[in-house]
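One structure below.
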Amino acid sequence: MEKNIFGTPLISCCTDPITGYFRDGFCRTISEDTGTHTVCAKVTQEFLDFSAAKGNDLITPIAQWQFPGLKPGDIWCLCISRWLQAEKVGKAPPIFLEATHEKTLDYASLELLIKYAVKS
């Protein structure tokens, strides 16, 4: 059973659009996942623009990868490295903590992650 940053069972991030390295709705990872897609985030336009400027366009659909393209408010498993880059410049989107994989703690502190928790 995969665990989240609190050490409890990882919950699904999003199934519409279907997200995750395995496209199963979970922010799980394996060694072949060079991006470490472990952060479940609610993307913002500011983050999408930042990511595109860094060479990762998450807005444009890519049919052959069954990628619908993201819009503000969509929920998606992000690479921890891109999220941290965005955080350093004030553009990190909020995250769903219970759906963020424990591997994320290898890169960011629990305190930092909690600071970005999605507000209900």
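FYI, nothing fancy with the structure tokens labels: chains A, B, ... in order, residues from 1 per chain, ligands from 1 as they appear.
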Please provide the set of residues having any atom within 12 Å of Phe67 (chain A), restricted to only C-alpha atoms, with same-chain residues fewer than 5 positions apart removed, written as a VMD selection string.
-> chain A and resid 16 to 21 23 57 to 62 76
Store the residues of this selection in a file with C-alpha atoms, as a CSV table (one decimal), in the first residue's frame.
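Once everything was written out, this is again38.csv:
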chain,number,residue,atom,x,y,z
A,16,ASP,CA,-10.9,13.5,-14.6
A,17,PRO,CA,-8.6,14.2,-16.2
A,18,ILE,CA,-6.8,10.9,-15.3
A,19,THR,CA,-3.5,11.8,-13.8
A,20,GLY,CA,-0.4,10.1,-12.4
A,21,TYR,CA,2.7,8.6,-13.9
A,23,ARG,CA,-2.4,7.2,-15.4
A,57,ASP,CA,3.7,23.0,-21.7
A,58,LEU,CA,0.9,21.4,-19.6
A,59,ILE,CA,-1.8,23.5,-21.4
A,60,THR,CA,-1.7,22.1,-24.9
A,61,PRO,CA,-3.4,18.8,-25.5
A,62,ILE,CA,-1.3,15.9,-26.8
A,76,TRP,CA,-2.8,16.9,-11.5
Neighbours of Lys71 (chain A) within 8 Å (only C-alpha atoms; same-chain residues fewer than 5 positions away dropped), as a list in words? Val43, Thr44, Gln45, Leu48 and Ile59 of chain A
Those same residues, written as a short mmCIF file (atom, residue, chain, number, x, y, z; two decimals), in the first residue's frame with N, CA and C atoms?
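Heads up, here's the output in again-v2.cif:
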data_model
loop_
_atom_site.label_atom_id
_atom_site.label_comp_id
_atom_site.auth_asym_id
_atom_site.auth_seq_id
_atom_site.Cartn_x
_atom_site.Cartn_y
_atom_site.Cartn_z
N VAL A 43 -3.82 23.03 -10.16
CA VAL A 43 -3.02 23.95 -10.95
C VAL A 43 -3.68 25.32 -11.11
N THR A 44 -2.83 26.31 -11.18
CA THR A 44 -3.26 27.70 -11.39
C THR A 44 -2.72 28.17 -12.73
N GLN A 45 -3.30 29.22 -13.27
CA GLN A 45 -2.79 29.78 -14.53
C GLN A 45 -1.34 30.23 -14.35
N LEU A 48 0.81 27.17 -14.59
CA LEU A 48 0.83 26.65 -15.96
C LEU A 48 1.72 27.50 -16.86
N ILE A 59 -0.51 22.93 -20.93
CA ILE A 59 -1.77 23.51 -21.40
C ILE A 59 -2.24 22.87 -22.71
#
Margin query: Using only C-alpha atoms for the distances, tell me which of A:Glu111, A:Glu87, A:Asp74, A:Glu2 is nearest to Thr38 (chain A).
Written below: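 So, comparing all the options, the nearest one is A:Glu2.
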Legend entry - Which of chain A DSSP labels strand (DSSP E), written as a PyMOL selection string: chain A and resi 37-42+75-79
Checklist entry - Which of these residues is nearest to Tyr107 (chain A), using only C-alpha atoms: A:Asn56, A:Thr36, A:Gln64, A:Ser51? => result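 The answer is A:Thr36, which sits nearest to Tyr107 (chain A).
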message = Measuring between only C-alpha atoms, which one of A:Ala92, A:Ile75, A:Ser12, A:Gly7 shows the shortest distance to Asp49 (chain A)?
response =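 Checking each of A:Ala92, A:Ile75, A:Ser12, A:Gly7 against Asp49 (chain A), counting only C-alpha atoms, the winner is A:Ala92.
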Inset, instruction - Could you give me, as number ranges by chain, the residues within 12 Å of region 78-80 of chain A, counting only C-alpha atoms and dropping anything in the same chain fewer than 5 positions from it? - result: A: 13-14, 19-21, 26-29, 33-43, 47-48, 51, 56, 58, 70, 85-87, 92-96, 99-109, 113
